[in-house]
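Undergrad: The structure's right below; bear with me while I get my questions together.
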Amino acid sequence: MKLKLHFVISALITLSFAANAQVSDKEGAAREWITSHAKDLKLKATDKFKLSFVFKSTAGETLRFQQMLNDVPVYQSEIVVNFNPSNEIAFTNDSHDTTVENISTTPAVSREAALNASKDNLKFTCDYTVAENNLFVTKINDQTKLVYRVVTNPSSGSGSWEVMVDAQSGAVLSTKDVALYEHKKDHAFNLRKTNPPVSAMAPTSFVPGTAMVFITDPLSKTRSVYGATGYTDNNDADSAQLTAARTAVNLPEIDLTSGVYKLKSSYVEITDFESPTTGLFTQATSAFNFTRANNAFEATNVFYHLDFSLRYINETLGITCRPALNGGVLRFDPSGLSGADNSHYLPSTDQISFGEGCVDDAEDCDVIWHEFGHGIHDWLTNGSAASQIGEGNGDYWAVSYSRSFTDQWTPADDQYQWVFSWDGHNTCWDGRRVDTSKIYPTDLDGEVHDDGEIWVAALMQIWDVIGRNKMDRAFLNGIALTTSSNNQQTCARAVRQAAINLNYPCADIQVFTQKFTDRGYVMPALTLTMAAIANQTVTADASNTYTLPSYATLANPITDNCDAALTQAPVVGTVLAPGTYTITMTATSGASTVTRNFTLTVLPFLGVTESVKNHFVLYPNPAANVLNVKGEFDSNESVTISNMLGQTVLRHAVGSNEESINISSLSKGVYNVYFNNAKVTYKFIKE
């Protein structure tokens, strides 16, 4: 047995934790809330909390406070405080352990001794890496223990093995597999011959490339059934039908080093960390065009879909979500798990690998997006992923994508409800569905894949009403509010709160409440809320006046029944001369009243081109991380952002009448935003 102890990985984990211990100007307010609720939280004098993670998005800012005992973290124990965009505390989540005793946190056993104890316990006969060996306080069998948590990843077989070693006695206290799987681990192995490995090379630059992939899978693409002529796995053999089901796509980035092209981008990189060893498929051309009989096809298929998904989240949705390790680059192995008919995400290394049994998992984008969904959950919560929703999250992320293709399965087709349409629902395994009639909590059975069907069914019912873009935003921002100990009900409340923080129309919030309630989740009544309204700048018309419109849509008061009364001062229709005005919006529901003020600046009339700007809203200004644009855009509108030297720094396609642009990578300063079709320019300040 050979031990590949990668101290670099452990160091990266430590550095990542330190990097995530961000500062926030809201830390004081969050700590004040914790202190003021000490009795309700059952805090003890020995309880200390360290700000470990700050997540910022258009839905507000979320602070995670890690419970500490004498500077040692209490395992999976934290308090989460969320601020909405109005800088008000909108959601809190307490999962800290009130029963932890004040024990000694000075270990009698060394880290090396703990590693040896883990090694003796696991008895691996293959190569493996140790991804984590850290000190924690935790409860085991109702006793507070100081432990080393050692996580080991074997190169053969499957799994990511967590061994808890008593830091005082050196005894092994528990052993379990913490990898997150596509489906239950009860399927047979189906090993294949492999190709010799190809050495990895350091990147020097990225260039565009092309590829042939399955979108979303050959059956959905062609609306065919498994077992029809040409549509079977047949031990990975090519067929005319499967070859024709491929789609030509562009790869925005691939690595080019010394004339050699590799499947690596600023988001994703192919690696070979599990058996079988199939290589990295580097080549002398930028066209990765293969058929499925070649293992390079599966590698390319995974690379394209993972890269596409990360770009969609970070660039289209404007939500920062990347692995904490590996420099923020997601590493994947298209041929792993010793060829088993399964796939898994490894939280200890932020890596994904795909099995090859029966239909290769890497050929079905549902499998790829499902496993990636585990990563999303892990990264947005700083490693505090709730097990009750993890499998449902993965299924949601997969089906949300596959259903977005209106030329594939339709609601009239049974396959519209399927997850893993090519990999499952065949002779390989049964697959899963998203239209279960099961109700929470009555139909929970304790198996995470079964229970996840309840969660994904609720999410997809909301998706069907409000659409993919809105639901994806609420979903991602919602799970960022959850903790490892949360049940589905708490997670449902978190997702609804995210939708409120995103200022979705009250009618949308009613949909969240109704669908979650119908699924069995108990949703608390909503008190009257109204989001802060960004300052507005407009240009007077040719008569050098501006007629005040209704700002009811921007105000958007939220109540359970969407029945809040709303007034505006000055009133709608007021004619204003150029100048600066305070607009007051007041919402009333029963005895509750909420007032929001914002500044309206009316600029003098400057000609036809400038008057076009009245159709556009750009906010906030100044902006820190996200710039929002709102207006009546042409279907092919796009914006170009340039600095004051005229250099283009960012381009963004405008896909809807409300769009968020991630500007977090820009340096502080003044920039121009040019709407390429409307041919108008705004200035904004990046702070």
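Naming works like this for the structure tokens: A, B, ... for the chains as they're shown, residue 1 at the start of each chain, ligands 1 onward in shown order.
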Residues within 8 Å of Ser589 of chain A, please, as an mmCIF file with N, CA, C and O atoms, in the first residue's frame. Count only C-alpha atoms; anything in the same chain fewer than 5 positions from it doesn't count.

TA:
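The result, stored in part17.cif:
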data_model
loop_
_atom_site.group_PDB
_atom_site.id
_atom_site.type_symbol
_atom_site.label_atom_id
_atom_site.label_comp_id
_atom_site.auth_asym_id
_atom_site.auth_seq_id
_atom_site.Cartn_x
_atom_site.Cartn_y
_atom_site.Cartn_z
ATOM 1 N N LEU A 528 -45.512 42.634 7.132
ATOM 2 C CA LEU A 528 -45.360 43.604 6.055
ATOM 3 C C LEU A 528 -43.896 43.987 5.866
ATOM 4 O O LEU A 528 -43.216 44.380 6.811
ATOM 5 N N THR A 559 -46.961 41.041 1.657
ATOM 6 C CA THR A 559 -47.770 40.493 2.741
ATOM 7 C C THR A 559 -48.265 39.125 2.301
ATOM 8 O O THR A 559 -48.132 38.749 1.127
ATOM 9 N N ASP A 563 -52.117 42.414 -0.108
ATOM 10 C CA ASP A 563 -53.208 43.387 -0.035
ATOM 11 C C ASP A 563 -52.804 44.691 0.641
ATOM 12 O O ASP A 563 -53.662 45.453 1.098
ATOM 13 N N ALA A 564 -51.505 44.972 0.720
ATOM 14 C CA ALA A 564 -51.063 46.205 1.374
ATOM 15 C C ALA A 564 -51.496 47.422 0.559
ATOM 16 O O ALA A 564 -51.433 47.425 -0.669
ATOM 17 N N ALA A 565 -51.942 48.459 1.267
ATOM 18 C CA ALA A 565 -52.268 49.730 0.618
ATOM 19 C C ALA A 565 -50.977 50.513 0.417
ATOM 20 O O ALA A 565 -50.106 50.528 1.286
#

Undergrad: Show which residues sit within 9 Å of segment 385-399 of chain A, as JSON, numbers by chain. Count only C-alpha atoms, and ignore same-chain residues fewer than 5 positions away.

TA: {"A": [180, 181, 182, 183, 365, 366, 367, 368, 369, 370, 371, 372, 373, 374, 375, 376, 377, 378, 379, 380, 404, 416, 417, 418, 419, 420, 432, 433, 434, 446, 448, 449, 450, 451, 452, 453, 454, 455, 456, 457, 459, 460, 472, 475, 479, 482, 483, 484, 485, 486, 487, 488, 491]}

Undergrad: Can you list, as a ChimeraX atom specification, all residues belonging to segment 272-508 of chain A that DSSP tags as alpha helix (DSSP H)?

TA: /A:295-311,365-380,387-402,448-466,468-479,488-501,506-508

Undergrad: Would you kindly return, as a PyMOL selection string, each protein, DNA or RNA residue with an atom no farther than 10 Å from any atom of Ile313 of chain A, considering only C-alpha atoms and excluding same-chain residues fewer than 6 positions away?

TA: chain A and resi 319-322+376+472-473+476

Undergrad: Give the answer as one residue: which of A:Ile103, A:Ala480, A:Val359, A:Ala113 has the shortest atom-to-atom distance to Thr62 of chain A, using only C-alpha atoms?

TA: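 Among A:Ile103, A:Ala480, A:Val359, A:Ala113, it is A:Ala480 that comes nearest to Thr62 of chain A.
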
Undergrad: Which is closest to Gln514 of chain A among A:Asn326, A:Thr490, A:Gln461, A:Asn102, if we use only C-alpha atoms?

TA: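 Using only C-alpha atoms, Gln514 of chain A sits closest to A:Gln461.
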
Undergrad: Can you list, as a PDB file with all heavy atoms, in the first residue's frame, every residue of segment 307-385 of chain A that DSSP puts in strand (DSSP E or B)?

TA:
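The new file part.pdb reads:
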ATOM      1  N   LEU A 330     -12.875  24.052 -10.588  1.00  0.00           N
ATOM      2  CA  LEU A 330     -13.494  22.753 -10.317  1.00  0.00           C
ATOM      3  C   LEU A 330     -12.766  21.661 -11.091  1.00  0.00           C
ATOM      4  O   LEU A 330     -12.675  21.702 -12.318  1.00  0.00           O
ATOM      5  CB  LEU A 330     -14.969  22.791 -10.726  1.00  0.00           C
ATOM      6  CG  LEU A 330     -15.729  21.467 -10.662  1.00  0.00           C
ATOM      7  CD1 LEU A 330     -15.705  20.882  -9.256  1.00  0.00           C
ATOM      8  CD2 LEU A 330     -17.163  21.664 -11.151  1.00  0.00           C
ATOM      9  N   ARG A 331     -12.251  20.675 -10.375  1.00  0.00           N
ATOM     10  CA  ARG A 331     -11.562  19.556 -11.005  1.00  0.00           C
ATOM     11  C   ARG A 331     -12.503  18.363 -11.128  1.00  0.00           C
ATOM     12  O   ARG A 331     -13.267  18.075 -10.210  1.00  0.00           O
ATOM     13  CB  ARG A 331     -10.325  19.172 -10.195  1.00  0.00           C
ATOM     14  CG  ARG A 331      -9.258  20.266 -10.184  1.00  0.00           C
ATOM     15  CD  ARG A 331      -8.092  19.908  -9.291  1.00  0.00           C
ATOM     16  NE  ARG A 331      -7.039  20.914  -9.362  1.00  0.00           N
ATOM     17  CZ  ARG A 331      -5.979  20.944  -8.566  1.00  0.00           C
ATOM     18  NH1 ARG A 331      -5.824  20.012  -7.629  1.00  0.00           N
ATOM     19  NH2 ARG A 331      -5.075  21.895  -8.703  1.00  0.00           N
ATOM     20  N   PHE A 332     -12.430  17.688 -12.265  1.00  0.00           N
ATOM     21  CA  PHE A 332     -13.299  16.533 -12.482  1.00  0.00           C
ATOM     22  C   PHE A 332     -12.518  15.397 -13.120  1.00  0.00           C
ATOM     23  O   PHE A 332     -11.525  15.607 -13.825  1.00  0.00           O
ATOM     24  CB  PHE A 332     -14.486  16.910 -13.370  1.00  0.00           C
ATOM     25  CG  PHE A 332     -14.124  17.107 -14.825  1.00  0.00           C
ATOM     26  CD1 PHE A 332     -14.222  16.066 -15.738  1.00  0.00           C
ATOM     27  CD2 PHE A 332     -13.696  18.339 -15.293  1.00  0.00           C
ATOM     28  CE1 PHE A 332     -13.882  16.233 -17.077  1.00  0.00           C
ATOM     29  CE2 PHE A 332     -13.362  18.530 -16.625  1.00  0.00           C
ATOM     30  CZ  PHE A 332     -13.453  17.469 -17.530  1.00  0.00           C
ATOM     31  N   ASP A 333     -12.967  14.184 -12.836  1.00  0.00           N
ATOM     32  CA  ASP A 333     -12.427  12.971 -13.449  1.00  0.00           C
ATOM     33  C   ASP A 333     -13.578  12.306 -14.198  1.00  0.00           C
ATOM     34  O   ASP A 333     -14.533  11.828 -13.569  1.00  0.00           O
ATOM     35  CB  ASP A 333     -11.868  12.039 -12.383  1.00  0.00           C
ATOM     36  CG  ASP A 333     -11.126  10.837 -12.969  1.00  0.00           C
ATOM     37  OD1 ASP A 333     -11.376  10.505 -14.142  1.00  0.00           O
ATOM     38  OD2 ASP A 333     -10.303  10.238 -12.257  1.00  0.00           O
ATOM     39  N   ALA A 340     -17.561   1.952 -11.567  1.00  0.00           N
ATOM     40  CA  ALA A 340     -18.880   1.635 -11.014  1.00  0.00           C
ATOM     41  C   ALA A 340     -19.973   2.438 -11.710  1.00  0.00           C
ATOM     42  O   ALA A 340     -19.731   3.485 -12.311  1.00  0.00           O
ATOM     43  CB  ALA A 340     -18.903   1.913  -9.511  1.00  0.00           C
ATOM     44  N   SER A 343     -21.719   8.040  -9.585  1.00  0.00           N
ATOM     45  CA  SER A 343     -20.837   9.204  -9.619  1.00  0.00           C
ATOM     46  C   SER A 343     -20.890   9.864  -8.257  1.00  0.00           C
ATOM     47  O   SER A 343     -21.841   9.668  -7.489  1.00  0.00           O
ATOM     48  CB  SER A 343     -21.292  10.198 -10.700  1.00  0.00           C
ATOM     49  OG  SER A 343     -21.186   9.631 -11.980  1.00  0.00           O
ATOM     50  N   HIS A 344     -19.843  10.667  -7.926  1.00  0.00           N
ATOM     51  CA  HIS A 344     -19.880  11.328  -6.628  1.00  0.00           C
ATOM     52  C   HIS A 344     -19.122  12.649  -6.627  1.00  0.00           C
ATOM     53  O   HIS A 344     -18.222  12.878  -7.430  1.00  0.00           O
ATOM     54  CB  HIS A 344     -19.372  10.413  -5.500  1.00  0.00           C
ATOM     55  CG  HIS A 344     -17.955   9.931  -5.647  1.00  0.00           C
ATOM     56  ND1 HIS A 344     -17.489   8.810  -5.005  1.00  0.00           N
ATOM     57  CD2 HIS A 344     -16.887  10.408  -6.341  1.00  0.00           C
ATOM     58  CE1 HIS A 344     -16.214   8.614  -5.306  1.00  0.00           C
ATOM     59  NE2 HIS A 344     -15.815   9.584  -6.097  1.00  0.00           N
ATOM     60  N   TYR A 345     -19.563  13.510  -5.707  1.00  0.00           N
ATOM     61  CA  TYR A 345     -18.875  14.761  -5.401  1.00  0.00           C
ATOM     62  C   TYR A 345     -18.125  14.568  -4.089  1.00  0.00           C
ATOM     63  O   TYR A 345     -18.663  13.990  -3.137  1.00  0.00           O
ATOM     64  CB  TYR A 345     -19.871  15.915  -5.262  1.00  0.00           C
ATOM     65  CG  TYR A 345     -19.259  17.168  -4.675  1.00  0.00           C
ATOM     66  CD1 TYR A 345     -18.392  17.960  -5.425  1.00  0.00           C
ATOM     67  CD2 TYR A 345     -19.532  17.545  -3.357  1.00  0.00           C
ATOM     68  CE1 TYR A 345     -17.811  19.099  -4.880  1.00  0.00           C
ATOM     69  CE2 TYR A 345     -18.966  18.688  -2.813  1.00  0.00           C
ATOM     70  CZ  TYR A 345     -18.107  19.464  -3.568  1.00  0.00           C
ATOM     71  OH  TYR A 345     -17.529  20.587  -3.021  1.00  0.00           O
ATOM     72  N   LEU A 346     -16.874  15.048  -4.052  1.00  0.00           N
ATOM     73  CA  LEU A 346     -16.028  14.877  -2.872  1.00  0.00           C
ATOM     74  C   LEU A 346     -15.873  16.227  -2.168  1.00  0.00           C
ATOM     75  O   LEU A 346     -15.096  17.077  -2.611  1.00  0.00           O
ATOM     76  CB  LEU A 346     -14.655  14.330  -3.280  1.00  0.00           C
ATOM     77  CG  LEU A 346     -14.667  13.017  -4.076  1.00  0.00           C
ATOM     78  CD1 LEU A 346     -13.258  12.657  -4.513  1.00  0.00           C
ATOM     79  CD2 LEU A 346     -15.292  11.898  -3.253  1.00  0.00           C
ATOM     80  N   GLN A 351     -14.006  18.132  -5.714  1.00  0.00           N
ATOM     81  CA  GLN A 351     -13.817  17.448  -6.984  1.00  0.00           C
ATOM     82  C   GLN A 351     -15.015  16.543  -7.274  1.00  0.00           C
ATOM     83  O   GLN A 351     -15.729  16.116  -6.367  1.00  0.00           O
ATOM     84  CB  GLN A 351     -12.532  16.603  -6.964  1.00  0.00           C
ATOM     85  CG  GLN A 351     -11.274  17.429  -6.783  1.00  0.00           C
ATOM     86  CD  GLN A 351     -10.005  16.597  -6.756  1.00  0.00           C
ATOM     87  OE1 GLN A 351      -8.947  17.027  -7.175  1.00  0.00           O
ATOM     88  NE2 GLN A 351     -10.093  15.382  -6.225  1.00  0.00           N
ATOM     89  N   ILE A 352     -15.221  16.254  -8.558  1.00  0.00           N
ATOM     90  CA  ILE A 352     -16.303  15.381  -9.001  1.00  0.00           C
ATOM     91  C   ILE A 352     -15.720  14.294  -9.892  1.00  0.00           C
ATOM     92  O   ILE A 352     -14.871  14.575 -10.743  1.00  0.00           O
ATOM     93  CB  ILE A 352     -17.374  16.159  -9.792  1.00  0.00           C
ATOM     94  CG1 ILE A 352     -17.957  17.304  -8.961  1.00  0.00           C
ATOM     95  CG2 ILE A 352     -18.499  15.225 -10.232  1.00  0.00           C
ATOM     96  CD1 ILE A 352     -18.948  18.174  -9.730  1.00  0.00           C
ATOM     97  N   SER A 353     -16.189  13.058  -9.710  1.00  0.00           N
ATOM     98  CA  SER A 353     -15.795  11.988 -10.619  1.00  0.00           C
ATOM     99  C   SER A 353     -17.032  11.214 -11.052  1.00  0.00           C
ATOM    100  O   SER A 353     -18.038  11.162 -10.342  1.00  0.00           O
ATOM    101  CB  SER A 353     -14.770  11.055  -9.968  1.00  0.00           C
ATOM    102  OG  SER A 353     -15.296  10.475  -8.800  1.00  0.00           O
ATOM    103  N   PHE A 354     -16.927  10.601 -12.229  1.00  0.00           N
ATOM    104  CA  PHE A 354     -18.063   9.958 -12.865  1.00  0.00           C
ATOM    105  C   PHE A 354     -17.729   8.503 -13.190  1.00  0.00           C
ATOM    106  O   PHE A 354     -16.651   8.193 -13.690  1.00  0.00           O
ATOM    107  CB  PHE A 354     -18.432  10.703 -14.158  1.00  0.00           C
ATOM    108  CG  PHE A 354     -18.819  12.133 -13.909  1.00  0.00           C
ATOM    109  CD1 PHE A 354     -17.851  13.130 -13.909  1.00  0.00           C
ATOM    110  CD2 PHE A 354     -20.132  12.490 -13.664  1.00  0.00           C
ATOM    111  CE1 PHE A 354     -18.190  14.459 -13.667  1.00  0.00           C
ATOM    112  CE2 PHE A 354     -20.481  13.805 -13.412  1.00  0.00           C
ATOM    113  CZ  PHE A 354     -19.504  14.793 -13.414  1.00  0.00           C
TER     114      PHE A 354
END

Undergrad: Would you please work out which residue, of A:Thr278, A:Thr640, A:Ser437, A:Gln143, is nearest to Ala678 of chain A when using only C-alpha atoms?

TA: A:Thr640

Undergrad: In Å, rounded to a single decimal, give me how far atom CA of Tyr581 of chain A is from atom CA of Thr599 of chain A.

TA: 5.7 Å

Undergrad: Using only C-alpha atoms, determine which residues lie at most 12 Å from Ala45 of chain A, disregarding the query and same-chain residues fewer than 4 positions distant; provide the list as a VMD selection string.

TA: chain A and resid 35 38 to 39 49 68 to 70 98 100 to 102

Undergrad: Restricted to C-alpha atoms, what would the selected residues look like written as an mmCIF file, in the first residue's frame?

TA:
data_model
loop_
_atom_site.group_PDB
_atom_site.id
_atom_site.type_symbol
_atom_site.label_atom_id
_atom_site.label_comp_id
_atom_site.auth_asym_id
_atom_site.auth_seq_id
_atom_site.Cartn_x
_atom_site.Cartn_y
_atom_site.Cartn_z
ATOM 1 C CA THR A 35 -26.138 38.828 22.119
ATOM 2 C CA ALA A 38 -28.609 34.838 23.976
ATOM 3 C CA LYS A 39 -31.401 33.479 26.148
ATOM 4 C CA PHE A 49 -18.310 32.546 17.745
ATOM 5 C CA MET A 68 -15.610 27.791 18.919
ATOM 6 C CA LEU A 69 -14.396 26.211 22.142
ATOM 7 C CA ASN A 70 -10.994 27.545 23.215
ATOM 8 C CA THR A 98 -26.082 23.909 23.016
ATOM 9 C CA VAL A 100 -21.217 20.943 24.101
ATOM 10 C CA GLU A 101 -19.340 20.738 27.393
ATOM 11 C CA ASN A 102 -16.304 22.790 28.340
#
